[in-house]
Structures are given as C-alpha cells and as structure tokens.
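A.B. asks: After the structure tokens below, expect a handful of questions from me.
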Amino acid sequence: MAATLKQVVDDCKVPGEFLSDGAEVFLTHTEAMPVSAEAYWSAFRDFVELQLHMEGHENVRVLKGLGEVGTVVSFYYDPTDLAEGQREMKLVEKDDSTRTWRVQEAAPNELYKSYEMTIKVEGTEAAKVTISVRFVSAIKDRTQRRQDIAYHMVHLLGARIRDILNFIVREKMGGKHRFDLDIRCSREKMWGIVGNFNDVTWIRESTHTVVDGIYRTIYFTEDRSLKVRLAWADSSDYLFVYEGDNSPDFLHCKYYRGRIQFFAVNPNRVRVTYDCSFIPADDSPMEEFKKWFVGALSSRISWLETTFSEPKPGEEGHNPATGPPAFKKGAYSTGARGIVRGPLEDVWKAFRPFGRECMEYWKIYDSMEIEAPGNDVVGCIRLFKTSKTKRTIRERLEWRDDESHVEIYSLLSMNPPPPVEMSNVYTTVTMTAVDEKQTEVKFECTFDVSVSFAVSRIQDNQKGAYMACINGLQQLFHSEVGTLEVVVGSAADLARTDGWFNADPYVVLAVNDGKPVSTKVCRGTQKPIWDDRYALSVTSRTRNIVFTIMDRDTVGQDDIMGTANVNLDELTSGKEKKMALDVQGGGTLNVRLYLKMHDKPKEPEGEKLITSLAIPFLAPVAQSELDTIRNEFINLITSFLGPGQKYELSYMTRLRTHPDVALEEMPAACVPMPTPEMFTPHKTGRIMQRLMEFIGSQAQIMVRLAQVKGIWDPWKANFSGYLPANEKLIEEWQKDEEFCRQYLQGINPMLLTVCKDQSQIPAEMLELKAQGKTTQQLMEENRLFIVDYEPMLGVPATPGKFFYAPIVLMYREELAGGKSRLNMLGIKLSRKKGENEVFSPESAKTHPNKYMFAKMHVQSADNNLHQFLYHLGYTHLAMEPIAVSLHTHLPPDHPIHRLLLPHFKDTIGINYLARHSLVSRIFPITDPMFATSTVGGLVMFLKEWRKYNFMDMAFPEELKRRGFDEARTDGLENYFYRDDGFKLWNVYKTYVTGMVNKAYTSDKAVADDQALQKFCQMIEGPGQLHGFPREISTKQLLMDCLTNIIFNSSAQHSAINFPQYDYYSFIPNRPAQLSSPMPDGPNDMLQSAVLEALPPPQFTALQVLLSYMLSMPSQTAITGVEAMKEVYPEVHEKFNKELKDLSKEIKTRNEGLKGEGKVAYTYLDPENVAMSIDI
C-alpha cells in the first residue's frame, strides 16, 4: 500500500526550479467540499483538537497556548518514511471574517528551514477550500528533497483538506460508526490481502479493480463500480485508509472514508477494527441514515469473518499427524547445503528453536522474536529484521519433525516490500548424518515471482542467507582448521601516552576466540623493534587477529597506545604476507603473517556443545560460556590459597544472542572477585536461612490455592509461615490514593516530577479536570505532577509479554483543614498515532476494568524501570568502580580510605552474585520474570547510562531537577523520601565536612594528594562512572563528592531496596509483567481478562522470593559506622549523635502516622539504613 503511494511520488514531475538547495517552493490546491463553508470553517475553532485528527501527526504536545492564535504544538511527522522528524507548528492567523487560517513552522528543523501553510474557505452552501504551502526545504539529499516536494504535490495538500473534512463529519456531524470483529487467521494473511492496493478479494461481490496512481476503481457484479482514493497507509501499524466521493447509487453517500486496522490477538487470530465516516447523499437526518447504513455495512463486515476464518483444530483442514502440509511449489527454486562438524542430534538441537535463539548462530539479523503468545510451536510466526537492508520479515513455522530432522517455514510478508512481488515462498530445511561427528544441512526454497528477470538476484540473496546459517552453525562446533604464524616486527610514530616521555611499548595479539599472547617490552622508545614470532591456532570461528599496542607503566595500569586489526579473509593459505598496519591511535605496525590451513579439520578438544544439564529449563549452551565462571572460580580459589587476587576492573562482554547490545559500556566491574570480598560464613548463613524460610513458607501452597474465595486471593497464597502479608496494602491497593501514595513513600520515589511545562503533557490529556480545575490551571497553581516512563521507549519486546511507556498525571488534592494529598488525574499508556485513549477516574465510572488494567500496566512499567535502572544500575553497578579504585589507589591508612571502606562492605560480592544469577549471560533468572526480559532491561539501562552524570544525580540535585527542594516549595505533604532524605543528607554532609577539614588544611592540600587524584581518574576513566570528577582540587568539591558516594551507597540503596517485600510480594499491586495489552475497542474489558493477564499465582514464586531475599534487613546499619572513631573522635561522636537524634525524630513521626491509621515510612530511619550495598 505504501509502495503504491511511493510509486506515485516517484512518477511525479517536480519543477526544476524547486529542486535547488535553498529554493522556495510554493504549491496550491483547491477542492469543493460536500459541506457548507460555515460547517467546514467550524473545524478551525480549536487548533489543538484539530491536530489530533491529522493523519501522520503522532505524539502531539502543546508547547504554548490553549488553541488561540500564538499556540504552538509539536508532533512527530512521518509521511510514508519519505522524511521524518519532530516538528513544531505555530498558529499565526485565524480570521473569521475572511475564513483564513495560517500556520508556520515555529523554528527551522531537519525538514524545513521555513514552512507556512494557509487554508482559505470560500463559498456558502458548498465550501470551496484552497490550501497553499510555501517552504524552503532543509533536506540535504536532493533525491529525498524531491520526494518530499512530490509528496506535497500528489498527496499531502488534498489529504490535509480531507482530514479536516473527516474531522467535521465525525465530530461535528456525528457521521461515524466503528465495527470490531475477530477473524480466525493470522494478521499477516489479512494484511497481505487488504494491504495490497491491487487486491479487492476482501470486498464482497467485487470482481476486479483498475488502479490509477492513488485511485482505484472497484468493479462489482451487476455492472456496478466504485472509485476510491488512497488516503493513508502504514504497514508498520497494519493500517489502511481510503475515501470515496459522491456515490449516491452505490454507497448512498456524498462522502465516505473507511479506516481499517489489524491487531494480532495471537498468531492465528486477528482483530479487525473498521472505522467509517459518512455523509448521506440525500442530506437525510444522520440518525435515520445510520440505522439503514450501519445495518447494510454490518453484513459486509461479517462476510470478512465467514470468508477468511480458517478451520478450528479438529475441523476439516490439514491434520499434522498425517505428515507435512501440502503446498503449491513455485516455479523457481534455490538450494544450499553444507557440512557442520557436529553430531546430527546436537546440530538439530541448536537449530530447532524458531525464535531469538537463532541469532546465536544466524548473525545476519538485528533482531528475531516469535510473535505473541510466543510459543515455539507449529503455526507460530517469527518477526525479524535484516542487518543489511533493515527489512522486517515475517515467517510462519509450517512443519517440524524431530525424528526426520525436517523443518518447513513460509514467507508471510516483507516490509518494506521488495521491488518485485514474491508468492508461494516455502523453505524446507533437512539435516542428515554424514557420520557420527558430521551433519549435512540442506536448504531448499521454492517460490513464484512476478517478473522472471529478478529470479537470479533473489536466488543469490536466499543462498547467502542460507549459507550464513550453515556457517554460523559450524561456528558453534568449532575445531582447529589451521595455524597462523605471526611475526611482530616493528612500529613507528606511535602516539605518546605520558606527555613528552617515551613509551615502553609491547603488543598483545589475539585471534577473536583464542587466548591473547604478548611480545617483550621495548623500553623508552616510540620506534620499537620486537621481532617476536608466534604460532596461533585458527578455528572455524576465527575471523580476525587483533594487535593492541600497550605502554607498560611501573605504577598503575598499562595504557593503550592503539590497535590494529587484520581480517583473515585477506590472507591466502600457504603464502606469507607482509603488512604495514595503520594503528588506530597513531603510527604504523609492521607484521608478517603466514596462514596454513589443514586439509582435514582436527577434532575439537574440550570445546563442545553441552546437550543436557541438571536444570531442565536451561537451554543448551556452549562450553565457552561456562568457562568464564569456571576460570573466575579457579582464580578465586587460587588467590584464596595464595597471595590474594588484585582489585582490577573488567568490562562486561556482549551476549552471543544479542551482539548488538554494547554491554561493555556499562560501569566496569571487579572481575575476578578478590578473596576479601567473599561473604563471611555468617553472611552466607543468613542468606541461606532466608532462602529456607521462603521454601518452608511455600509448604501446602497448592492447598491454599485450592481454598481461595476472592478474585485476588490466589495471589495471597504465597503468604504463610515466615512470609507475612501486607494486609493494609492488600486492602487499599486498588484505590487511586494508594496508587499515588506509593510514588511518595513506596519502592520507587524517583520518578514523580513537578509539571511546570505544558509541552510535557500529551495533547489528549489537556482536557482532564480535577476539583473544577483544568490541567493548565492545576499547573499554574503548582498542583500538577507528572511521571513519564520515557526510558521504556525503544526497549525490545518479548513475545507473550506486553508493556508500555506510560505518562501519568497526578495532582495535589486540597482537603479540609488545609490538608492535601496526591491523587490521580489520568493515564495515557500508548504514544502511537490512533491510540489516544486516556484512562482517568472519570472513565473508570463506565470502564472500571480498563482503568484498573491501565494502572496495572503503569505499575508493571514502574517495576521494570525501578529494578533495572534505579536499583541495579544507579546503585549496585554505578558504585562498584569506586570500590575497586578505593582498594587500588588509596592506602589503608589514607583518611578517605578509612572514611569510605565501611560503605563498600560486601558490595563487590553481592554484585558478583547478581552478575551470575540475576543478569547472567547464560541463564539470567530475571529473563522470565520481567516484561522487558533481561536484555530489554539492560538496553534501557544502557540508553539512560549514556546520559548519566554522577554529580548531577546527587540527592539534592536530582530532587531539584524534578522540582523538589528542602523547603518543600512544591507543596506536597508526606513525601517522606524527600523529607527524611534531606535530613540524612545534611547529617552526612556535616560528617564529611568534619573529616575533610581535619585531613586537609587547604585546597592545595587536596590538589596535591596524588593518591586521591589517581582514585578519581580510575573511576571516571576505566571505571566508566560518567560525571565523576576526573580530578578534585578543592575541599568543597571533595566534600560534595564524598557525601554523594556515602549517600548513594547507604541511604539511596536502602530507600529503593528494602521496601521490595512490602510492595512487590502482592503481585497485582506491582506485577513484573503482564501477558496482554490494553484491549482495543469502545467497550470495557472483562474482569476475567484482567486476571488472565497477571502471572498465574503458581508461577509468581520468583518475584516473591526475590523481594523477600533482597529485603533481608542489614546487620550493619549506618549507626554502626566507626570509621572516624580512632582518627577523628569528635567527628565520629557528632555524627553518631546526629544519627540517633534523627532516628528518634523519624520514629516519633511514624508513631503519629500509625495512630492516624496511615503507613509509616521507616526506610530512611538511620537504624534501618544499611551502611553499604550489601544485599
């Protein structure tokens, strides 16, 4: 469909004077409208409302004004991918006397240097509408610039006039109706028909069509015909919009628009929404016309279901038990075959999964997922994107035989579609054993194509993809296939790393799957001569050899001077090659390489596929994945028996299943784990005790599940024995007041923001009201608050799990007696065009289940964001480089070492445990639990980590950024994270100030402390803690930095970790995932559908277990810190007194809250604040 419009654009003749860079383009277009001039002009009364009905305008925000002249709106503009970007449009004229309306681009952007659109409405009974645009393009590429101009000429101007007409017909005249139905077939099948502008088989009684540009004439039986126009199409949203003008004999309308969209319910069921707008041809009363017209359309819509629904299982149709399905073989075929050096069953087991597991060996794809519900069974559909063309492809698994080792899959769709049409595309994969240790893999594809000249190109592309699969499988079973002799000769003109001093260079060599080797060190020269020779093993995985030139330092870490890389494809077996390599970083490296390939591959030694593990839910993994843990454990034991392991920084390696996720950009970690960081027997015993308490409490859970009565009782079955229920939360969790309270006193108080900028608010939410005030008025009164889950945007989806990036508005509700509380204003889940529904307390009156489900989706998003970003990322991972640098650069008697040491107790150890369990590269236990899955959570964290700044995230600065301060000018009551946090921050600041004033007499003394400076440089540099000062030259900066470290390691982590059991243990309150999106359609959803979307009670043990384990009270509270007791006793005594006074103050406050029947906030009571991140 989009291809049809693109072809019209390509065929358009654009005047040459428009195409030069900087040329002004002026275009105009006039149409007669089937409504009066007065009716048409009425559309312009509300500028904001009109923008929400423009096709192609997404994520509309109001930046300024409320619809009057001068109002500025922003929106994302995506006209069939010809050009796209964020635009800001300003209303500059609305003249009722001349009926002239004019808007301008508010500022230059990537699309336009200047842009102005004018619409003039003339006439009386029948409006004559003229639209004109005047713009100067900012698109640099001449072809794209021509496409944008042509798009205006052939489509946009007329489409804008009719978008406005459609708005009038629907919202002013009431000429609209919507049909919803489910069809028992795949979304791809329906879209393959409806999304093809040349296909009218989905229209009842149609015989054929003739297409002319964006128009098509549909012919029916009895010599009838209907001419319609393509209005909009979006393949990514499975959306098609068409229009018809003046059809009194056929549609009985003088204007008609149909908007049809498809939503996948599951791989074999599609939900169709058909939304139509219409004006009766004879101007009959709208309600009378609707009665007849809607009835007539209903029969046509129902015909879709009876015609395209596929048989239910057990009905007439293909029986899988009888063998593979019969399919029409195409006229053309492609074949590819190869040998994989692995046993047949092992190769089949690696190949068999149809979803993301394929990416472990099939490296030519950016992503690959099985669509909802995500079951890897015959009939499932996988969606993947190619790395080279970025084309999105859908394929269906038609057959899989584990005995014969045969798989058949079919091509459903490609987006964007290829230049030629392909059909009947079926691929058969067959595996046979060559011998016990080798398997032949054979691909055979048959297909039809619209033009024969494209066959050879299609065959080449297919064969390339198939061979990439075979080669990738071979890499899973790699063996030595040759040797590479390397002579590292000399280097010249290397970069200097130590100012004017000469380097001490050496070279580290590594093939990409082998153990690195190093040359000797050449002292004091930028022109080293090594002349060292090495013989390296080449396996089927080997692709590159990397040379890293290092500068040996006697103190601290060696510096990297530069790198060079050689692709082994550049070498010929049996021939030596001399190469002068350009060093990235500066200079030249001279090497000689001699590649010798074996005639027959050697048998692999030790590096085999593990085909069975004791834990049944672990998929097969390569032995090399387990080697990492094995080697770390050996190092740990060796250092325990010997001198001890050094504190060193290491970077996370990329996942083989997701090589595009740059995990090495995360904060550096301490790997291997030094012996002193091992948990004490007492700590290990407490963890095991906690685990056994949970296991003991799960006794007879199935009995408790069988005895439940209330609809939410199944999720209370976990509470027994050592696991108490949070009865007050279970009683209150569905109330708006409790939902809002948790943003102030719950597990994640990090997102609530004072809303002071209208542009933050989606346009659809501006109409919300509370206590007689509009959103704008609430904002002006400093009573509006927003939570924006923007970090969830762009997170890859996982089949069977659904999440949104919601926007939530809350307001400060004024109560009697001068009191107030935070309460709900509204929720917008989706930011997609056409999904404009806002859920609010008002909508809850008619749609209570949808409103509850919207709140659940918000809390699910909050759960994922809290755990991966604020908890794991900003506390656990961010603090570890500081702990490593503390032990590396600050001697034990250094005052800062003394000060900080208690605040890193067990931090490295608990992080080590998390990296090999929660976010393990082999089987992360968070993967099945969270909506984002593990990789999605890490993608989200990486995106935000690139913007992170350590000093900007200091407690006072972070609150200030969100509009909160110590003086409570925000007016919110009971924001105890803010109140207690500021008091504790001030105690810490006094403590740190006392220590710094004792240890340093002046700023110069700070600047001259070389150990301190190296401490900072390691954290900011190799540690990758963004925003940490690279050098500290003043006492004030040192005080700020140290206070921030201590607060993050103690108070901040305690505030967002220890409430977990209180809020996560009752799953409906904050589910980690939901299995269905918000249902589409005007009706409320069933309560049973809400319950079905929650994780089943019997499978929620992991969330409850983690919340219980991670909430284990610390036995090293901040009140037990004695770091300064011996060196600066007066500093210690003052710190200890202030902590006790604050604890008493918080306890008194909490007793008052309990007396009022409210929830106490205990997490920042110093007696409950852990001194370090130790759990």
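As shown in the structure tokens, the chain order sets the letters A, B, ...; within each chain, residues go from 1, and ligands are also counted from 1 in the order they appear.
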Skip region 757-763 of chain A itself and residues of its chain fewer than 5 positions away, then list as a ChimeraX atom specification all residues within 10 Å of it, counting only C-alpha atoms.

C.D. replies: /A:48-49,51-52,59-66,72-75,775-776,779-780,786-788,807-809,828,831,836,838

A.B. asks: Could you give me, as a list in words, the residues within 8 Å of region 68-70 of chain A, counting only C-alpha atoms and dropping anything in the same chain fewer than 4 positions from it?

C.D. replies: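 Near region 68-70 of chain A, the qualifying residues are Asp46, Phe47, Lys64, Lys90, Leu91, Val92, Glu93 and Lys94 of chain A.
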
A.B. asks: Enter the distance from CA of Tyr40 (chain A) to CA of Asp96 (chain A), in Å, rounded to one decimal.

C.D. replies: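 Spanning CA of Tyr40 (chain A) to CA of Asp96 (chain A) is a straight-line distance of 12.0 Å.
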
A.B. asks: Neighbours of region 587-596 of chain A within 10 Å (only C-alpha atoms; same-chain residues fewer than 2 positions away dropped), as a PyMOL selection string?

C.D. replies: chain A and resi 481-495+507+526-529+531-538+547+549+561-564+566+568+571-585+598-599

A.B. asks: For Asp1008 (chain A), which residue out of A:Lys1035, A:Lys709, A:Arg704, A:His903 is the nearest one, using only C-alpha atoms?

C.D. replies: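 Of the candidates, the smallest distance to Asp1008 (chain A) is held by A:Lys1035.
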
A.B. asks: Skipping near chain neighbours, those fewer than 4 positions away, what residues fall within 7 Å of Val441 (chain A) using only C-alpha atoms, listed as a ChimeraX atom specification?

C.D. replies: /A:337-339,430-432,470

A.B. asks: What lies within 12 Å of region 1141-1158 of chain A using only C-alpha atoms, ignoring chain neighbours under 3 positions off, as an NGL selection string?

C.D. replies: :A and (728-729 or 732 or 737-738 or 741 or 745 or 974 or 976-977 or 979-988 or 1117-1119 or 1134-1138 or 1161-1169)

A.B. asks: So how far away is CA of Arg341 (chain A) from CA of Asn567 (chain A), in Å?

C.D. replies: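 CA of Asn567 (chain A) sits 23.1 Å away from CA of Arg341 (chain A).
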
A.B. asks: If we count only C-alpha atoms and set the cut-off at 12 Å, which residues sit around Thr846 (chain A), ignoring sequence neighbours fewer than 4 positions away in its own chain? Please answer as number ranges by chain.

C.D. replies: A: 839-842, 850-852, 1082-1085

A.B. asks: What does the structure give for the distance between CA of Glu31 (chain A) and CA of Phe197 (chain A), in Å to one decimal?

C.D. replies: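 So the answer is 24.3 Å.
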